[in-house]
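Remarks on the structure that follows.
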Amino acid sequence: MPTLGVHLIVKNEADLLRQCLDSLAGADEIIVVDTGSTDNTVEVARSYGTHVLHFEWNDNFSEARNAGLARAATDWILVLDADEQLQTRVADIRAILRSTESTAFTVLIDNWVGTRAEDRVTHRSVRLFRNGLGYRYQGIIHEGADASIIERTGLHSIADSAVQIVHFGYLPGLMAAKNKSGRNEELLRRALAKDPGNAFYSYNLAVVCCRAGRTDEAEKLLRRALVQAPAQASFRPSMVRDLCKIYLSAGKLREIDGLLVRELERYPDYPDLQLLQGQSREQQGQLEMAFQHYQQAEALSVGNVPQGKYVSEAGSATYRPLGRMGGIAARMGKWEEAARLYYRALQQHPLYLEALCGISEAFQRLDVPEADIAALLQTLVPPEQSAGRAAIVSALYDTGAYDAITRLEQNLYPLEPETAPLFISALLAAGKPQEADETLERSMNTLFTDRDKAELPRSLWLLQLLCRWELAGAVVLQEAPDRSAWLRAGAERLEQHLGQQAANTAPSAGHCSEIASELIRLSVKLHLYPLASALAEAYPACLQELAGALYLEGRRAGAGELFIRLAEAGRLQGGSAFYLGEMLFDKGHYTQAADCFRQAAETEPGVEAARIGLSLCLLHQAKQELEQALQPEHEHPAHSPLREDLAGIGNAIAQLNRVPWHTEWSCHQLRGGSKP
Amino acid sequence: MKKLPRKPLISLCMIVKNEAETLAGCLNSVRGVADEIIVVDTGSTDATPQIAREYGARLVKFPWNGDFAAARNAGLERARGAWILVLDADEELEADSREELLICAQHTEYEAFFLRIHNHRGLSRLSPTITVNPILRMFRNRPEYRFTGIIHEQIASVIVGTRPEAAMHLTSAVIHHYGYADGVVARKDKISRNLRLLEEQLKQEPGDGFHHYNMAVEYMRLGEYDPALHHIAESLKLSEAGTSYVHLLYKYKVRCHLALGGLPSALSVCREGLTLFPDYTDLHHLLGVLLMQGGAFAAAGRSLREALRIGASPPAYHTEAGYGSYLTLAALGQLSQETGEISDAVACYIQAARLHPEPWPLLARLVRTLKCAGREHEIPGWLARHLPEMWAAERPRILELLLRDGCFAAAASVCRAELDGGDGSVSSGNIDTADGGEDQRGTAGADNSCTDSSGKPDAVIVRLASLLQDCLDKAEPLTREDILALLDGAAPDRPPDRPSIRQSRAWLLLADRALAGVPAASAYAAAAARARLILPLPGSGE
């Protein structure tokens with residue numbers, strides 16, 4: 001039986017080292033190279049019976065690694081970091097090694113970048129190799145043994161293995177605590193200064209810049225590195241992916257398309273690239289093309305692409321493209337297809353919130369009763385776990401299935417910090433303020449100790465105020481002459497309580513305070529319309545808020561009246577002007593709609609959708625004129641150039657409508673909006 | 001000149017009914033080729049018989065009995081020549097092809113010749129060719145060679161059937177066929193009549209691939225692609241590999257799948273067809289276009305370039321005019337545009353415009369491309385450098401095109417150049433042109449130039465130039481009235497457009513400006529840019 005040694009280099013890793021060493025049970029030898037810890041790392045290492053070496057840090061990772069390798073007494077060497085954990089049992093690794101011709105193996109590294117299941121990025125790395133063949137690490141940083149292995153025994157001596165490692169080092173908390181980025185950046189810059197043409201260093205520096213939010217610099221580095229890197233370089237496809245992600249977040253879609261035209265030819269089996277190309281197309285309103293790229297990404301899940309061939313986000317060949325395809329089907333109004341696609345996504349990843357919300361909305365569109373949707377979600381997602389319960393309740397809340405939330409079995413759904421605000425909101429929306437208040441009290445008492453009370457989520461305080469108001473409502477809201485003062489007093493107390501009140505920004509009638517508008521939005525969202533109106537009366541400056549909130553909640557008739565009132569008072573601007581523009585546009589009043597969109601674009605440059613709305617108004621007017629020219633119809637042949645032009649305008653209108661410029665309402669908002 | 005041989009060499013055989021309008025043209029075109037003309041008349045009530053006689057035709061009266069083959073064969077019975085040439089009355093032999101046919105007729109080692117039918121959209125030789133189809137139209141006069149089929153009468157299969165070793169030759173001789181576009185949108189009742197006749201034949205000969213092929217064609221004309229696909233599949237099953245129309249079945253199959261929205265199936269049919277017919281330009285072109293639709297731009301580029309490399313399809317293939325040439329170049333231009341290679345796109349459009357019988361839509365595309373890329377100022381330079389003849393001869397029309405696409409700055413610079421130099425060169429600062437010093441308008445372009453005969457600038461240009469300058473100097477955005485005034489300034493002498501068409505164009509230009517105003521960093525910028533590109537091009541509907 002071949003022997004296996006595990007090699008680590010460490011510095012001040014006492015906190016993480018235990019779980020790493022715990023995963024190595026059964027290794028024939030563990031060699032820990034310490035490069036100058038000042039905590040009790042060395043003690044922890046010794047307590048596991050490891051062989052600890054001291055090596056004075058000299059800004060060179062390879063030399064530290066090689067110092068360990070030189071002491072190896074085992075047949076095989078596995079290289080690990082302290083912020084990693086071995087997922088494959090040592091015995092199983094030995095079984096692989098017993099009957100192999102290869103002298104080196106890659107392992108699959110699962111990088112956790114967040115707490116959700118989709119926050120994983122996988123890739124492969126050469127970490128397991130034979131001792132005694134002279135394999136050594138190279139590179140002062142992001143060191144690797146690959147080059148040495150290839151040089152000594154050739155590329156064919158490396159094979160992929162099923163060995164898996166989890167890497168925690170990219171978790172945001174750890175990143176901040178360890179500040180390895182700062183140290184790495186310095187090393188990388190030094191290395192690049194010596195070797196400016198080294199694409200690998202540029203790439204790694206770009207990654208560091210990206211993490212620090214310096215995307216402009218990262219973009220420059222990556223673009224240069226892509227030119228410099230040899231076509232066969234193993235890290236090249238990851239650079240393409242990283243550059244596309246930067247482009248995508250900066251809205252540089254043409255750049256993505258230009259880059260991926262070439263690179264998808266090179267890496268057609270890289271699902272993340274197909275996904276990114278799809279996202280770019282989707283944002284441009286090219287839904288069919290986007291759909292095809294998602295399909296191609298998804299087709300790679302069943303193909304022969306070995307797992308870990310590329311640096312790949314979790315689900316990039318499964319639930320992510322499926323979820324996106326569901327979204328496109330939904331945008332096209334194909335709700336059954338959307339539901340099927342979301343369902344397939346959820347089979348891969350039941351807690352995928354995007355798909356849960358999507359499937360819930362799709363079934364509402366298909367007239368499935370809320371209770372049945374809730375039942376379906378509970379068969380898809382295991383409610384035994386807290387994360388599952390949170391996902392179910394969030395999805396129902398998101399699609400406005402408030403009644404269904406209030407009917408969930410209480411013994412299956414204990415009050416929990418993630419779900420309590422949603423339950424209380426749902427009870428309020430379902431017209432059960434009494435129960436909402438009781439649940440609120442219970443939550444405050446059970447979920448938070450006295451010490452924690454200060455940390456009580458803001459949402460609970462807001463809900464508490466809404467509960468009080470609703471409970472008093474029948475009496476005060478409708479009859480009391482001083483109800484405005486009463487509401488303002490409540491809001492003021494809350495604001496003081498939340499500690500946000502600065503002396504000069506006290507909520508007043510003439511100023512729409514943040515807390516007042518938040519309360520109005522929440523009231524509308526929970527369908528507490530009389531309360532919302534009363535609040536707007538108490539804070540006349542918040543009338544725009546109320547109108548906008550009503551509009552977004554699908555209460556278009558009520559919103560429309562308020563918009564017109566605002567317009568008459570000359571107070572219509574920004575978002576409200578845009579919403580009124582939409583309402584006029586939807587009714588076909590293109591001239592007036594165009595005026596509103598123009599006003600919106602001028603008063604609030606951020607409302608870029610207003611420019612699309614304006615363009616569409618103008619296109620519709622061009623279309624109407626052309627239709628006039630085509631009267632009487634029978635005089636014009638079916639294929640006349642005029643008709644072609646008309647079709648061309650229609651096509652441009654359709655294309656523009658494929659980008660989500662217009663407010664979109666969920667099913668329950670559309671239905672609620674038609675109720676009085 | 002050849003002496004007429006005692007025994008006629010080529011007998012032209014036609015069937016006609018009320019063809020007085022076109023018959024003379026047809027018979028003129030075969031002068032010196034046909035030694036004998038046999039016209040089977042199936043019941044003309046116009047001057048057809050007289051015209052035929054004027055050309056020395058032997059007239060055969062044959063009462064119409066619903067059977068095309070029978071009527072054709074009635075003509076063959078009377079033919080004495082060594083060869084039969086078949087033409088329809090709406091066809092003409094290309095003058096340059098006469099010699100080739102006479103040479104062919106000397107080669108008796110062949111049993112039959114394919115001629116290339118150029119299907120024209122309109123009624124004259126100058127109208128654009130839409131498709132080119134190799135069809136067997138000249139064959140040895142043998143008693144056993146008789147047409148079969150009550151419609152789509154066939155002779156090729158009969159020749160192959162009686163003499164399997166028969167050698168046939170694909171000539172480059174051209175027959176022009178007019179009014180093809182009208183034929184394509186044939187009346188529905190005629191199509192259903194054809195379908196009935198074909199079903200009849202299929203009952204008698206269910207294993208005949210040609211009947212299925214014809215059924216497919218009729219269904220495609222009806223826009224019924226599912227049954228068309230069925231018959232294509234049957235035809236492919238029944239027809240032997242060497243049959244002349246098999247390649248066409250693949251092209252039609254692609255079209256059907258595409259019409260049904262089956263992009264993936266269309267793609268795989270294209271690829272399948274290309275394994276059998278690797279030199280078939282049309283399939284390369286179609287594959288390129290389909291790949292482009294699917295976003296596979298690199299592969300699309302390879303296919304289109306392969307189509308260009310081959311050029312027009314080899315003679316054995318049915319082909320669309322422009323595949324492997326200007327249509328492929330235009331597609332390649334669109335592809336370059338998609339991938340942001342604007343200069344490549346413009347170069348493709350220019351090359352396509354040089355080859356295209358109707359270059360203006362390509363010029364409009366070129367103008368649009370540069371405008372949307374924010375390179376409007378380059379337009380005059382590109383045109384002057386690369387399309388010098390048009391640039392010199394068609395300045396007013398170019399100016400109009402610029403105005404109608406809202407390229408007011410470019411139009412102003414053209415006007416300025418016209419006023420400064422009057423010699424056709426564009427000399428304003430940012431426009432780099434070839435040295436346009438010499439005046440090429442001495443010949444054809446003189447009438448179209450923007451200066452009057454005395455060499456003074458045209459009053460229209462002066463007015464337009466000042467109008468443009470006023471608009472360009474305006475601080476606030478242009479209004480619809482401004483735009484209408486500019487559109488009217490383009491060609492004041494021409495009868496004005498219908499008011500609503502004019503208004504529509506003005507709205508379009510306003511929309512274009514609004515779309516151009518979407519900030520580049522906005523999430524909607526790409527969609528807005530795309531919409532600007534697909535707005536109707538000027539000049540098509542006006």
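So you can find residues: chains in the structure tokens are A, B, ... in the order shown, residues in each start at 1, and ligands are numbered from 1 in order.
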Exercise for the section: Enumerate as a ChimeraX atom specification the residues belonging to chain B that approach chain A to within 8 Å, with only C-alpha atoms taken into account. Expected result: /B:293-298,339-340,498,500-501,503-508,510-512,514-515,517-519,521-524,526-528,531-532,534-537,540-542
With N, CA and C atoms retained, export the selected residues as a compact mmCIF listing (two decimals), in the first residue's frame.
# COMPACT_ATOMS: atom_id res chain seq x y z
N GLN B 293 -27.88 33.92 -37.10
CA GLN B 293 -29.11 34.08 -36.33
C GLN B 293 -28.98 33.44 -34.96
N GLY B 294 -28.25 32.33 -34.92
CA GLY B 294 -28.10 31.63 -33.66
C GLY B 294 -26.98 32.19 -32.79
N GLY B 295 -26.32 33.23 -33.28
CA GLY B 295 -25.29 33.86 -32.48
C GLY B 295 -23.93 33.18 -32.58
N ALA B 296 -23.80 32.18 -33.45
CA ALA B 296 -22.50 31.52 -33.60
C ALA B 296 -21.72 32.26 -34.67
N PHE B 297 -21.21 33.43 -34.29
CA PHE B 297 -20.70 34.36 -35.30
C PHE B 297 -19.42 33.89 -35.97
N ALA B 298 -18.53 33.26 -35.22
CA ALA B 298 -17.27 32.85 -35.83
C ALA B 298 -17.53 31.79 -36.89
N THR B 339 -20.55 41.89 -34.80
CA THR B 339 -19.41 41.68 -33.94
C THR B 339 -18.61 42.97 -33.75
N GLY B 340 -19.20 44.07 -34.17
CA GLY B 340 -18.60 45.37 -33.87
C GLY B 340 -17.43 45.76 -34.77
N ARG B 498 -46.52 61.52 -50.22
CA ARG B 498 -47.81 61.67 -49.54
C ARG B 498 -47.53 62.20 -48.14
N SER B 500 -48.54 61.71 -45.19
CA SER B 500 -48.36 60.82 -44.04
C SER B 500 -47.04 60.06 -44.14
N ILE B 501 -46.58 59.80 -45.34
CA ILE B 501 -45.29 59.11 -45.48
C ILE B 501 -44.16 60.03 -45.01
N GLN B 503 -44.50 62.53 -42.89
CA GLN B 503 -44.60 62.65 -41.44
C GLN B 503 -43.99 61.43 -40.75
N SER B 504 -44.28 60.28 -41.31
CA SER B 504 -43.79 59.05 -40.70
C SER B 504 -42.26 59.05 -40.64
N ARG B 505 -41.64 59.48 -41.73
CA ARG B 505 -40.17 59.52 -41.76
C ARG B 505 -39.66 60.50 -40.70
N ALA B 506 -40.35 61.64 -40.54
CA ALA B 506 -39.92 62.61 -39.54
C ALA B 506 -40.01 62.01 -38.12
N TRP B 507 -41.10 61.32 -37.85
CA TRP B 507 -41.22 60.65 -36.53
C TRP B 507 -40.09 59.65 -36.33
N LEU B 508 -39.81 58.92 -37.41
CA LEU B 508 -38.74 57.91 -37.32
C LEU B 508 -37.41 58.56 -36.97
N LEU B 510 -36.96 61.34 -35.42
CA LEU B 510 -37.00 61.78 -34.03
C LEU B 510 -36.75 60.60 -33.09
N ALA B 511 -37.37 59.48 -33.42
CA ALA B 511 -37.17 58.28 -32.60
C ALA B 511 -35.71 57.88 -32.61
N ASP B 512 -35.11 57.96 -33.80
CA ASP B 512 -33.70 57.61 -33.93
C ASP B 512 -32.85 58.49 -33.02
N ALA B 514 -33.88 60.04 -30.31
CA ALA B 514 -34.15 59.70 -28.91
C ALA B 514 -33.36 58.45 -28.52
N LEU B 515 -33.31 57.48 -29.43
CA LEU B 515 -32.56 56.25 -29.12
C LEU B 515 -31.07 56.54 -29.00
N GLY B 517 -29.90 59.04 -27.81
CA GLY B 517 -29.70 59.74 -26.55
C GLY B 517 -29.64 58.83 -25.34
N VAL B 518 -29.86 57.54 -25.52
CA VAL B 518 -29.75 56.61 -24.39
C VAL B 518 -28.27 56.53 -23.99
N PRO B 519 -27.94 56.85 -22.75
CA PRO B 519 -26.52 56.90 -22.37
C PRO B 519 -25.83 55.56 -22.60
N ALA B 521 -23.69 54.01 -21.00
CA ALA B 521 -23.49 53.13 -19.84
C ALA B 521 -24.80 52.51 -19.37
N SER B 522 -25.91 52.88 -20.03
CA SER B 522 -27.20 52.37 -19.58
C SER B 522 -27.36 50.91 -19.98
N ALA B 523 -28.16 50.20 -19.18
CA ALA B 523 -28.43 48.80 -19.49
C ALA B 523 -29.19 48.67 -20.81
N TYR B 524 -29.84 49.77 -21.22
CA TYR B 524 -30.65 49.70 -22.44
C TYR B 524 -29.87 50.11 -23.68
N ALA B 526 -27.48 48.91 -25.50
CA ALA B 526 -27.27 47.94 -26.58
C ALA B 526 -28.57 47.72 -27.36
N ALA B 527 -29.67 47.60 -26.64
CA ALA B 527 -30.96 47.38 -27.32
C ALA B 527 -31.33 48.60 -28.15
N ALA B 528 -31.04 49.78 -27.60
CA ALA B 528 -31.37 51.00 -28.35
C ALA B 528 -30.55 51.05 -29.64
N ALA B 531 -31.98 48.70 -32.12
CA ALA B 531 -33.23 49.20 -32.71
C ALA B 531 -32.92 50.25 -33.79
N ARG B 532 -31.94 51.09 -33.53
CA ARG B 532 -31.59 52.10 -34.54
C ARG B 532 -31.17 51.43 -35.85
N ILE B 534 -32.18 48.60 -37.05
CA ILE B 534 -33.23 47.90 -37.82
C ILE B 534 -34.39 48.81 -38.22
N LEU B 535 -34.34 50.08 -37.88
CA LEU B 535 -35.40 50.97 -38.37
C LEU B 535 -35.40 50.94 -39.90
N PRO B 536 -36.58 51.12 -40.52
CA PRO B 536 -36.63 51.03 -41.99
C PRO B 536 -35.60 51.96 -42.63
N LEU B 537 -34.94 51.43 -43.64
CA LEU B 537 -33.95 52.25 -44.34
C LEU B 537 -34.66 53.23 -45.24
N SER B 540 -36.70 52.78 -49.30
CA SER B 540 -37.38 51.55 -49.68
C SER B 540 -38.85 51.84 -49.97
N GLY B 541 -39.52 52.48 -49.02
CA GLY B 541 -40.95 52.63 -49.20
C GLY B 541 -41.36 53.97 -49.76
N GLU B 542 -40.39 54.76 -50.21
CA GLU B 542 -40.77 56.13 -50.54
C GLU B 542 -40.66 56.42 -52.04
Practice task
Pick out the residues sitting within 6 Å of A:Phe578, and hand them over as a PyMOL selection string; count only C-alpha atoms, and ignore anything fewer than 2 positions along from it in its own chain.
Solution key: chain A and resi 575-576+580-581+597+600
Practice task
To one decimal in Å, tell me the separation between atom CA of A:Tyr170 and atom CA of A:Tyr203.
Solution key: 16.9 Å
Problem - DSSP alpha helix (DSSP H) selection over stretch 137-321 of chain A, as a PyMOL selection string - result: chain A and resi 146-153+172-178+180-194+199-211+215-228+236-249+253-266+271-283+287-299+319-321
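In this model, the gap between atom CA of B:Asp96 and atom CA of B:Ile37 comes to 20.3 Å.
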Exercise for the section: Extract, using only C-alpha atoms, all DNA, RNA and protein residues at most 12 Å from A:Ser161, discarding same-chain residues fewer than 3 positions from it, and format them as a PyMOL selection string. Expected result: chain A and resi 88+92-97+100+102-109+124-129+158+164-165+306-309
Since we have the selection now, will you write its residues out, keeping C-alpha atoms, as a compact mmCIF listing (two decimals), in the first residue's frame?
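Below you can see out_21.txt, which holds the result:
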# COMPACT_ATOMS: atom_id res chain seq x y z
CA THR A 88 -12.16 12.51 0.30
CA ASP A 92 -9.96 6.26 -0.70
CA ILE A 93 -7.04 8.30 -1.96
CA ARG A 94 -4.71 5.42 -1.24
CA ALA A 95 -6.97 3.16 -3.24
CA ILE A 96 -6.57 5.46 -6.23
CA LEU A 97 -2.81 5.55 -5.82
CA THR A 100 -2.07 3.99 -11.18
CA SER A 102 0.20 8.41 -13.40
CA THR A 103 2.68 10.22 -11.27
CA ALA A 104 0.57 13.28 -10.55
CA PHE A 105 -3.11 14.11 -10.12
CA THR A 106 -5.36 17.12 -10.17
CA VAL A 107 -7.94 17.42 -7.42
CA LEU A 108 -11.27 19.22 -7.53
CA ILE A 109 -11.30 22.32 -5.37
CA ARG A 124 -8.96 21.76 -10.66
CA SER A 125 -5.40 22.02 -9.46
CA VAL A 126 -2.40 19.68 -9.38
CA ARG A 127 -2.01 18.87 -5.70
CA LEU A 128 -1.18 15.18 -5.53
CA PHE A 129 2.04 13.74 -6.89
CA ILE A 158 -0.88 14.13 -14.87
CA GLN A 164 -12.13 16.79 -3.49
CA ILE A 165 -11.08 19.69 -1.33
CA PRO A 306 -14.94 16.59 -16.97
CA GLN A 307 -15.96 18.37 -13.80
CA GLY A 308 -13.46 21.04 -12.96
CA LYS A 309 -12.02 21.42 -16.43
Problem - Polymer residues at most 12 Å from B:Pro315, only C-alpha atoms, same-chain spacing of 3 or more positions, as an MDAnalysis selection string - result: chainID B and resid 113:118 132:135 169:174 244 279:281 311:312 318:319
Exercise for the section: Quick one: everything within 12 Å of B:Ala47, counting only C-alpha atoms, minus sequence neighbours fewer than 2 positions away in the same chain. Send it as a PyMOL selection string. Expected result: chain B and resi 16-24+41+43-45+49-54
Practice task
Enter the distance from atom CA of A:Ser316 to atom CA of A:Met239, in Å, rounded to one decimal.
Solution key: 16.5 Å
Fill in the blank from the handout: Judged by only C-alpha atoms, the minimum distance to A:His668 among A:Thr399, A:Asn66, A:Gln295, A:Asn58 is found for A:Thr399
